[in-house]
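Student: Following this message is one structure expressed as structure tokens.
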Amino acid sequence: MADRAPARVPSGAADPSEYDHDALDLYVQRLFAREDDALRRTRERADEAGMPRIQLPLATARALQLLVRAAGVRRAVEVGTLAGYSAIWIARALPEDGELVTLEISAKHAAVARRSLEDAGVADRVEVRVGDAAELLDALGPDGSFGLVFVDADKERYTQYLEAAARLLRPGGLFVADNAFWKGWVLDPGVDELAAVLDRFNRTVADDPRFDATILPVGDGLLVGVRRG
């Protein structure tokens, strides 16, 4: 039998089209995801260094932080440090003896991130490593010793990072990737090259027997996979 197109599933609201996604994210941000001075200064440093304004939205950062806490993560790895904004959110969710290894291709960005981490009081539990993320991931270990792999970097290599995560994560560990919706264009992936890349990535994770996964509709879509035993 030919595959049938899935029926539209209501969101639970009377008419989903009446509700603005960005407005709902702002509502969450106002209630649950307020910035402190250290986070604001991190964004300011990024601007002063000429970095693109692509750090996690507040509502997404808060969701990531709560996932880290809920999963009891002690060791974490982040792919894509930039100015250290998301690293601060992750580090604050770790226990005092926790460890975050964050990977950054740019030595300039890494230097800014180190200042931000020090300013936020979490430098003692975060190591910034500079280099190609794929090579740095290969050097991490031992296998199954991490509770989180968070990816917010070059979208073309998300599937490669998924393979590294499957090796590094313990059972019950989290693989989290930002921009799973790619501006909503994954619904029509033919309009944009990266939308097609992320659509294929989402489908790959959905069919991967090593993970139970979904996409949380916060920000630009936060894909969350739990490593099976």
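A note on labels: chains of the structure tokens are A, B, ... as shown, every chain counts residues from 1, and ligands are counted from 1 in their shown order.
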Using only C-alpha atoms, which protein or nucleic acid residues come within 12 Å of Phe201 (chain A)? Drop anything in the same chain fewer than 5 positions from it, and give the result as a list in words.
Tutor: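 Here the qualifying residues turn out to be Lys155, Glu156, Arg157, Tyr158, Thr159, Gln160, Tyr161, Leu162, Glu163, Ala177, Asp178, Asn179, Ala180, Phe181, Trp182, Val186, Pro189, Leu194, Ala195, Ala196, Ala206, Asp207, Asp208, Ile215 and Leu223 of chain A.
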Student: Just write the chosen residues, N, CA, C and O atoms, as an mmCIF file, in the first residue's frame.
Tutor:
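For reference, again_30.cif as written:
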```cif
data_model
loop_
_atom_site.group_PDB
_atom_site.id
_atom_site.type_symbol
_atom_site.label_atom_id
_atom_site.label_comp_id
_atom_site.auth_asym_id
_atom_site.auth_seq_id
_atom_site.Cartn_x
_atom_site.Cartn_y
_atom_site.Cartn_z
ATOM 1 N N LYS A 155 26.140 23.049 10.169
ATOM 2 C CA LYS A 155 24.993 22.150 9.997
ATOM 3 C C LYS A 155 25.320 20.983 9.069
ATOM 4 O O LYS A 155 24.766 19.891 9.216
ATOM 5 N N GLU A 156 26.233 21.210 8.123
ATOM 6 C CA GLU A 156 26.553 20.162 7.160
ATOM 7 C C GLU A 156 27.148 18.918 7.811
ATOM 8 O O GLU A 156 27.098 17.833 7.229
ATOM 9 N N ARG A 157 27.691 19.068 9.014
ATOM 10 C CA ARG A 157 28.335 17.929 9.673
ATOM 11 C C ARG A 157 27.540 17.418 10.871
ATOM 12 O O ARG A 157 28.069 16.644 11.667
ATOM 13 N N TYR A 158 26.275 17.818 10.994
ATOM 14 C CA TYR A 158 25.472 17.333 12.106
ATOM 15 C C TYR A 158 25.419 15.806 12.158
ATOM 16 O O TYR A 158 25.495 15.209 13.239
ATOM 17 N N THR A 159 25.277 15.164 11.022
ATOM 18 C CA THR A 159 25.189 13.701 11.018
ATOM 19 C C THR A 159 26.502 13.077 11.479
ATOM 20 O O THR A 159 26.516 12.059 12.181
ATOM 21 N N GLN A 160 27.618 13.697 11.128
ATOM 22 C CA GLN A 160 28.922 13.225 11.602
ATOM 23 C C GLN A 160 29.021 13.379 13.119
ATOM 24 O O GLN A 160 29.533 12.497 13.820
ATOM 25 N N TYR A 161 28.515 14.482 13.639
ATOM 26 C CA TYR A 161 28.533 14.687 15.084
ATOM 27 C C TYR A 161 27.602 13.704 15.792
ATOM 28 O O TYR A 161 27.865 13.300 16.931
ATOM 29 N N LEU A 162 26.532 13.324 15.135
ATOM 30 C CA LEU A 162 25.633 12.307 15.698
ATOM 31 C C LEU A 162 26.385 10.998 15.928
ATOM 32 O O LEU A 162 26.206 10.339 16.969
ATOM 33 N N GLU A 163 27.225 10.610 14.977
ATOM 34 C CA GLU A 163 27.993 9.374 15.128
ATOM 35 C C GLU A 163 28.953 9.460 16.306
ATOM 36 O O GLU A 163 29.111 8.498 17.069
ATOM 37 N N ALA A 177 20.621 19.040 19.435
ATOM 38 C CA ALA A 177 21.080 19.830 18.299
ATOM 39 C C ALA A 177 20.124 20.990 18.061
ATOM 40 O O ALA A 177 18.906 20.787 17.988
ATOM 41 N N ASP A 178 20.681 22.188 17.925
ATOM 42 C CA ASP A 178 19.849 23.363 17.676
ATOM 43 C C ASP A 178 19.610 23.555 16.188
ATOM 44 O O ASP A 178 20.292 22.979 15.346
ATOM 45 N N ASN A 179 18.604 24.374 15.879
ATOM 46 C CA ASN A 179 18.222 24.748 14.502
ATOM 47 C C ASN A 179 17.612 23.597 13.718
ATOM 48 O O ASN A 179 17.728 23.539 12.496
ATOM 49 N N ALA A 180 16.933 22.698 14.399
ATOM 50 C CA ALA A 180 16.313 21.562 13.712
ATOM 51 C C ALA A 180 15.191 22.002 12.771
ATOM 52 O O ALA A 180 14.851 21.272 11.827
ATOM 53 N N PHE A 181 14.600 23.175 13.004
ATOM 54 C CA PHE A 181 13.547 23.679 12.121
ATOM 55 C C PHE A 181 14.099 24.542 10.991
ATOM 56 O O PHE A 181 13.439 24.724 9.982
ATOM 57 N N TRP A 182 15.289 25.065 11.171
ATOM 58 C CA TRP A 182 15.939 25.958 10.209
ATOM 59 C C TRP A 182 14.955 26.974 9.619
ATOM 60 O O TRP A 182 14.616 26.962 8.460
ATOM 61 N N VAL A 186 12.420 23.529 6.916
ATOM 62 C CA VAL A 186 12.446 22.069 6.763
ATOM 63 C C VAL A 186 11.096 21.539 6.260
ATOM 64 O O VAL A 186 11.024 20.409 5.747
ATOM 65 N N PRO A 189 11.986 21.744 2.189
ATOM 66 C CA PRO A 189 13.451 21.746 2.142
ATOM 67 C C PRO A 189 14.041 22.077 0.785
ATOM 68 O O PRO A 189 15.239 22.344 0.695
ATOM 69 N N LEU A 194 20.581 24.400 3.215
ATOM 70 C CA LEU A 194 20.720 23.944 4.588
ATOM 71 C C LEU A 194 19.416 23.369 5.130
ATOM 72 O O LEU A 194 19.446 22.484 5.998
ATOM 73 N N ALA A 195 18.296 23.849 4.638
ATOM 74 C CA ALA A 195 17.023 23.243 5.035
ATOM 75 C C ALA A 195 16.977 21.786 4.607
ATOM 76 O O ALA A 195 16.507 20.918 5.358
ATOM 77 N N ALA A 196 17.477 21.502 3.403
ATOM 78 C CA ALA A 196 17.523 20.114 2.930
ATOM 79 C C ALA A 196 18.479 19.288 3.778
ATOM 80 O O ALA A 196 18.202 18.127 4.110
ATOM 81 N N ALA A 206 15.517 10.388 13.476
ATOM 82 C CA ALA A 206 14.220 9.753 13.717
ATOM 83 C C ALA A 206 14.264 8.253 13.466
ATOM 84 O O ALA A 206 13.573 7.478 14.150
ATOM 85 N N ASP A 207 15.110 7.827 12.516
ATOM 86 C CA ASP A 207 15.189 6.411 12.155
ATOM 87 C C ASP A 207 16.349 5.680 12.830
ATOM 88 O O ASP A 207 16.559 4.493 12.579
ATOM 89 N N ASP A 208 17.108 6.381 13.672
ATOM 90 C CA ASP A 208 18.294 5.789 14.288
ATOM 91 C C ASP A 208 17.883 4.931 15.487
ATOM 92 O O ASP A 208 17.347 5.455 16.473
ATOM 93 N N ILE A 215 11.718 16.592 18.449
ATOM 94 C CA ILE A 215 12.119 17.989 18.335
ATOM 95 C C ILE A 215 11.221 18.811 19.242
ATOM 96 O O ILE A 215 9.996 18.769 19.114
ATOM 97 N N LEU A 223 16.358 19.629 18.655
ATOM 98 C CA LEU A 223 16.269 18.173 18.553
ATOM 99 C C LEU A 223 16.906 17.538 19.778
ATOM 100 O O LEU A 223 18.018 17.911 20.162
#
```
Student: DSSP on the backbone: which residues in region 41-189 of chain A end up as alpha helix (DSSP H)? Give the answer as an MDAnalysis selection string.
Tutor: chainID A and resid 41:48 58:70 85:93 107:119 133:139 158:168
Student: Store the residues of this selection in a file with C-alpha atoms, as a compact mmCIF listing (two decimals), in the first residue's frame.
Tutor:
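Contents of result-v8.txt, as written:
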```txt
# COMPACT_ATOMS: atom_id res chain seq x y z
CA ARG A 41 28.17 40.91 29.08
CA THR A 42 28.85 37.75 27.07
CA ARG A 43 26.57 38.98 24.30
CA GLU A 44 28.26 42.39 24.44
CA ARG A 45 31.71 40.79 24.10
CA ALA A 46 30.47 38.85 21.09
CA ASP A 47 29.28 42.06 19.44
CA GLU A 48 32.56 43.86 20.23
CA LEU A 58 16.93 32.63 25.86
CA ALA A 59 13.98 30.22 25.83
CA THR A 60 16.12 27.62 24.02
CA ALA A 61 19.03 28.09 26.42
CA ARG A 62 16.72 27.58 29.39
CA ALA A 63 15.25 24.43 27.86
CA LEU A 64 18.76 23.06 27.29
CA GLN A 65 19.76 23.87 30.86
CA LEU A 66 16.76 22.05 32.30
CA LEU A 67 17.43 19.00 30.13
CA VAL A 68 20.99 18.86 31.49
CA ARG A 69 19.72 19.03 35.07
CA ALA A 70 16.92 16.51 34.53
CA TYR A 85 26.94 31.95 25.93
CA SER A 86 25.41 28.47 25.78
CA ALA A 87 28.42 27.04 27.65
CA ILE A 88 27.50 29.21 30.63
CA TRP A 89 23.93 27.89 30.64
CA ILE A 90 25.18 24.29 30.46
CA ALA A 91 27.92 24.74 33.08
CA ARG A 92 25.48 26.24 35.56
CA ALA A 93 23.39 23.06 35.34
CA ALA A 107 41.13 30.77 18.52
CA LYS A 108 39.82 34.37 18.61
CA HIS A 109 36.35 33.21 19.59
CA ALA A 110 37.80 30.81 22.16
CA ALA A 111 39.70 33.64 23.85
CA VAL A 112 36.48 35.66 24.16
CA ALA A 113 34.67 32.62 25.53
CA ARG A 114 37.30 32.03 28.20
CA ARG A 115 36.83 35.60 29.46
CA SER A 116 33.07 35.12 29.53
CA LEU A 117 33.31 31.83 31.41
CA GLU A 118 35.63 33.40 33.98
CA ASP A 119 33.27 36.35 34.37
CA ALA A 133 35.41 19.61 15.99
CA ALA A 134 35.38 16.24 14.25
CA GLU A 135 39.03 15.64 15.13
CA LEU A 136 38.57 16.86 18.70
CA LEU A 137 35.54 14.61 19.18
CA ASP A 138 37.53 11.62 17.99
CA ALA A 139 40.06 12.30 20.75
CA TYR A 158 25.47 17.33 12.11
CA THR A 159 25.19 13.70 11.02
CA GLN A 160 28.92 13.23 11.60
CA TYR A 161 28.53 14.69 15.08
CA LEU A 162 25.63 12.31 15.70
CA GLU A 163 27.99 9.37 15.13
CA ALA A 164 30.48 10.78 17.62
CA ALA A 165 27.68 11.30 20.12
CA ALA A 166 26.50 7.72 19.79
CA ARG A 167 29.98 6.60 20.84
CA LEU A 168 30.54 9.11 23.62
```
Student: Can you pull out every residue within 10 Å of Val226 (chain A), counting only C-alpha atoms, but drop anything in the same chain fewer than 6 positions away, and send it as a PDB file with N, CA, C and O atoms, in the first residue's frame?
Tutor:
```pdb
ATOM      1  N   ALA A  71      18.596  15.203  33.333  1.00  0.00           N
ATOM      2  CA  ALA A  71      19.316  13.980  32.973  1.00  0.00           C
ATOM      3  C   ALA A  71      20.466  13.683  33.927  1.00  0.00           C
ATOM      4  O   ALA A  71      21.141  12.655  33.778  1.00  0.00           O
ATOM      5  N   GLY A 147      27.332  12.577  29.460  1.00  0.00           N
ATOM      6  CA  GLY A 147      25.890  12.636  29.635  1.00  0.00           C
ATOM      7  C   GLY A 147      25.199  13.552  28.665  1.00  0.00           C
ATOM      8  O   GLY A 147      23.969  13.521  28.537  1.00  0.00           O
ATOM      9  N   LEU A 148      25.970  14.396  27.947  1.00  0.00           N
ATOM     10  CA  LEU A 148      25.395  15.330  26.977  1.00  0.00           C
ATOM     11  C   LEU A 148      26.384  15.587  25.859  1.00  0.00           C
ATOM     12  O   LEU A 148      27.573  15.804  26.106  1.00  0.00           O
ATOM     13  N   ALA A 166      26.911   9.090  19.509  1.00  0.00           N
ATOM     14  CA  ALA A 166      26.497   7.721  19.790  1.00  0.00           C
ATOM     15  C   ALA A 166      27.603   6.935  20.488  1.00  0.00           C
ATOM     16  O   ALA A 166      27.329   6.064  21.323  1.00  0.00           O
ATOM     17  N   LEU A 169      28.217   8.937  24.339  1.00  0.00           N
ATOM     18  CA  LEU A 169      27.150   9.038  25.336  1.00  0.00           C
ATOM     19  C   LEU A 169      26.927   7.737  26.092  1.00  0.00           C
ATOM     20  O   LEU A 169      26.939   6.646  25.518  1.00  0.00           O
ATOM     21  N   ARG A 170      26.677   7.880  27.381  1.00  0.00           N
ATOM     22  CA  ARG A 170      26.234   6.750  28.202  1.00  0.00           C
ATOM     23  C   ARG A 170      24.767   6.472  27.915  1.00  0.00           C
ATOM     24  O   ARG A 170      24.057   7.340  27.367  1.00  0.00           O
ATOM     25  N   PRO A 171      24.260   5.282  28.253  1.00  0.00           N
ATOM     26  CA  PRO A 171      22.819   5.044  28.147  1.00  0.00           C
ATOM     27  C   PRO A 171      22.049   6.083  28.955  1.00  0.00           C
ATOM     28  O   PRO A 171      22.395   6.382  30.101  1.00  0.00           O
ATOM     29  N   GLY A 172      21.044   6.665  28.345  1.00  0.00           N
ATOM     30  CA  GLY A 172      20.294   7.739  28.984  1.00  0.00           C
ATOM     31  C   GLY A 172      20.881   9.109  28.747  1.00  0.00           C
ATOM     32  O   GLY A 172      20.275  10.121  29.120  1.00  0.00           O
ATOM     33  N   GLY A 173      22.055   9.185  28.100  1.00  0.00           N
ATOM     34  CA  GLY A 173      22.671  10.472  27.790  1.00  0.00           C
ATOM     35  C   GLY A 173      21.923  11.182  26.673  1.00  0.00           C
ATOM     36  O   GLY A 173      21.184  10.569  25.896  1.00  0.00           O
ATOM     37  N   LEU A 174      22.140  12.487  26.588  1.00  0.00           N
ATOM     38  CA  LEU A 174      21.379  13.327  25.662  1.00  0.00           C
ATOM     39  C   LEU A 174      22.221  13.787  24.484  1.00  0.00           C
ATOM     40  O   LEU A 174      23.344  14.287  24.668  1.00  0.00           O
ATOM     41  N   PHE A 175      21.671  13.642  23.300  1.00  0.00           N
ATOM     42  CA  PHE A 175      22.207  14.296  22.106  1.00  0.00           C
ATOM     43  C   PHE A 175      21.242  15.418  21.756  1.00  0.00           C
ATOM     44  O   PHE A 175      20.051  15.180  21.526  1.00  0.00           O
ATOM     45  N   VAL A 176      21.728  16.659  21.750  1.00  0.00           N
ATOM     46  CA  VAL A 176      20.872  17.823  21.525  1.00  0.00           C
ATOM     47  C   VAL A 176      21.469  18.652  20.391  1.00  0.00           C
ATOM     48  O   VAL A 176      22.671  18.931  20.396  1.00  0.00           O
ATOM     49  N   ARG A 210      19.533   3.770  17.801  1.00  0.00           N
ATOM     50  CA  ARG A 210      20.328   4.024  19.006  1.00  0.00           C
ATOM     51  C   ARG A 210      19.731   5.116  19.880  1.00  0.00           C
ATOM     52  O   ARG A 210      20.166   5.310  21.017  1.00  0.00           O
ATOM     53  N   PHE A 211      18.736   5.851  19.337  1.00  0.00           N
ATOM     54  CA  PHE A 211      18.189   7.002  20.054  1.00  0.00           C
ATOM     55  C   PHE A 211      16.666   6.985  20.056  1.00  0.00           C
ATOM     56  O   PHE A 211      16.036   6.578  19.075  1.00  0.00           O
ATOM     57  N   ASP A 212      16.090   7.437  21.166  1.00  0.00           N
ATOM     58  CA  ASP A 212      14.696   7.874  21.215  1.00  0.00           C
ATOM     59  C   ASP A 212      14.727   9.386  21.102  1.00  0.00           C
ATOM     60  O   ASP A 212      15.398  10.054  21.904  1.00  0.00           O
ATOM     61  N   ALA A 213      14.022   9.935  20.136  1.00  0.00           N
ATOM     62  CA  ALA A 213      14.229  11.348  19.846  1.00  0.00           C
ATOM     63  C   ALA A 213      12.937  12.071  19.481  1.00  0.00           C
ATOM     64  O   ALA A 213      11.928  11.455  19.125  1.00  0.00           O
ATOM     65  N   THR A 214      13.016  13.392  19.574  1.00  0.00           N
ATOM     66  CA  THR A 214      11.951  14.268  19.104  1.00  0.00           C
ATOM     67  C   THR A 214      12.546  15.652  18.913  1.00  0.00           C
ATOM     68  O   THR A 214      13.739  15.882  19.171  1.00  0.00           O
TER      69      THR A 214
END
```
Student: Using only C-alpha atoms, find the one residue out of A:Arg203, A:Pro209, A:Leu216, A:Ala120 that sits nearest to Gly229 (chain A).
Tutor: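 That would be A:Pro209, the residue with the smallest distance to Gly229 (chain A).
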Student: Restricting the calculation to only C-alpha atoms, which member of A:Lys183, A:Val77, A:Asp188, A:Leu94 is positioned closest to Gly141 (chain A)?
Tutor: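 Closest to Gly141 (chain A), using only C-alpha atoms: A:Val77.
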Student: Here is a test: counting only C-alpha atoms, which residue of A:Val149, A:Ala33, A:Ser106, A:Asp20 is nearest to Ala76 (chain A)?
Tutor: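 Going through A:Val149, A:Ala33, A:Ser106, A:Asp20 one by one, the smallest distance to Ala76 (chain A) is for A:Val149.
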Student: Would you work out the distance separating CA of Gly131 (chain A) from CA of Leu222 (chain A), expressed in Å to one decimal?
Tutor: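 Computed distance, CA of Gly131 (chain A) to CA of Leu222 (chain A), equals 24.9 Å.
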Student: What separation in Å, quoted to one decimal, exists between CA of Leu82 (chain A) and CA of Arg125 (chain A)?
Tutor: 17.3 Å
Student: Determine which residues of region 48-229 of chain A DSSP labels as strand (DSSP E) from the backbone of this structure, then write them out as a PyMOL selection string.
Tutor: chain A and resi 75-79+99-104+126-130+146-151+169-178+211-216+222-227
Student: For the residues in the current selection, export C-alpha atoms as a PDB file, in the first residue's frame.
Tutor:
```pdb
ATOM      1  CA  ARG A  75      30.294  15.299  31.845  1.00  0.00           C
ATOM      2  CA  ALA A  76      29.213  17.235  28.761  1.00  0.00           C
ATOM      3  CA  VAL A  77      30.624  18.236  25.398  1.00  0.00           C
ATOM      4  CA  GLU A  78      29.544  21.179  23.264  1.00  0.00           C
ATOM      5  CA  VAL A  79      30.310  21.602  19.571  1.00  0.00           C
ATOM      6  CA  GLU A  99      32.930  19.014  33.421  1.00  0.00           C
ATOM      7  CA  LEU A 100      32.075  20.667  30.113  1.00  0.00           C
ATOM      8  CA  VAL A 101      34.424  20.371  27.153  1.00  0.00           C
ATOM      9  CA  THR A 102      33.465  22.946  24.530  1.00  0.00           C
ATOM     10  CA  LEU A 103      34.965  22.867  21.038  1.00  0.00           C
ATOM     11  CA  GLU A 104      35.653  25.958  18.928  1.00  0.00           C
ATOM     12  CA  VAL A 126      34.701  24.301  31.485  1.00  0.00           C
ATOM     13  CA  GLU A 127      37.575  23.498  29.148  1.00  0.00           C
ATOM     14  CA  VAL A 128      37.671  25.305  25.801  1.00  0.00           C
ATOM     15  CA  ARG A 129      39.490  23.312  23.138  1.00  0.00           C
ATOM     16  CA  VAL A 130      40.425  24.881  19.795  1.00  0.00           C
ATOM     17  CA  PHE A 146      29.411  11.650  28.661  1.00  0.00           C
ATOM     18  CA  GLY A 147      25.890  12.636  29.635  1.00  0.00           C
ATOM     19  CA  LEU A 148      25.395  15.330  26.977  1.00  0.00           C
ATOM     20  CA  VAL A 149      26.589  16.133  23.491  1.00  0.00           C
ATOM     21  CA  PHE A 150      25.207  19.508  22.398  1.00  0.00           C
ATOM     22  CA  VAL A 151      25.681  20.601  18.791  1.00  0.00           C
ATOM     23  CA  LEU A 169      27.150   9.038  25.336  1.00  0.00           C
ATOM     24  CA  ARG A 170      26.234   6.750  28.202  1.00  0.00           C
ATOM     25  CA  PRO A 171      22.819   5.044  28.147  1.00  0.00           C
ATOM     26  CA  GLY A 172      20.294   7.739  28.984  1.00  0.00           C
ATOM     27  CA  GLY A 173      22.671  10.472  27.790  1.00  0.00           C
ATOM     28  CA  LEU A 174      21.379  13.327  25.662  1.00  0.00           C
ATOM     29  CA  PHE A 175      22.207  14.296  22.106  1.00  0.00           C
ATOM     30  CA  VAL A 176      20.872  17.823  21.525  1.00  0.00           C
ATOM     31  CA  ALA A 177      21.080  19.830  18.299  1.00  0.00           C
ATOM     32  CA  ASP A 178      19.849  23.363  17.676  1.00  0.00           C
ATOM     33  CA  PHE A 211      18.189   7.002  20.054  1.00  0.00           C
ATOM     34  CA  ASP A 212      14.696   7.874  21.215  1.00  0.00           C
ATOM     35  CA  ALA A 213      14.229  11.348  19.846  1.00  0.00           C
ATOM     36  CA  THR A 214      11.951  14.268  19.104  1.00  0.00           C
ATOM     37  CA  ILE A 215      12.119  17.989  18.335  1.00  0.00           C
ATOM     38  CA  LEU A 216      11.061  20.456  21.002  1.00  0.00           C
ATOM     39  CA  LEU A 222      15.731  21.799  19.533  1.00  0.00           C
ATOM     40  CA  LEU A 223      16.269  18.173  18.553  1.00  0.00           C
ATOM     41  CA  VAL A 224      16.676  15.920  21.602  1.00  0.00           C
ATOM     42  CA  GLY A 225      17.765  12.298  21.436  1.00  0.00           C
ATOM     43  CA  VAL A 226      18.159   9.969  24.424  1.00  0.00           C
ATOM     44  CA  ARG A 227      20.845   7.297  23.993  1.00  0.00           C
TER      45      ARG A 227
END
```
Student: Considering only C-alpha atoms, can you say which of A:Pro95, A:Ala153, A:Arg200, A:Leu187 comes closest to Val73 (chain A)?
Tutor: A:Pro95
Student: Point out the residue among A:Arg74, A:Pro57, A:Thr81, A:Ala49 with the least atom-to-atom distance to Asp22 (chain A), counting only C-alpha atoms.
Tutor: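 Nearest candidate to Asp22 (chain A) out of A:Arg74, A:Pro57, A:Thr81, A:Ala49: A:Pro57.
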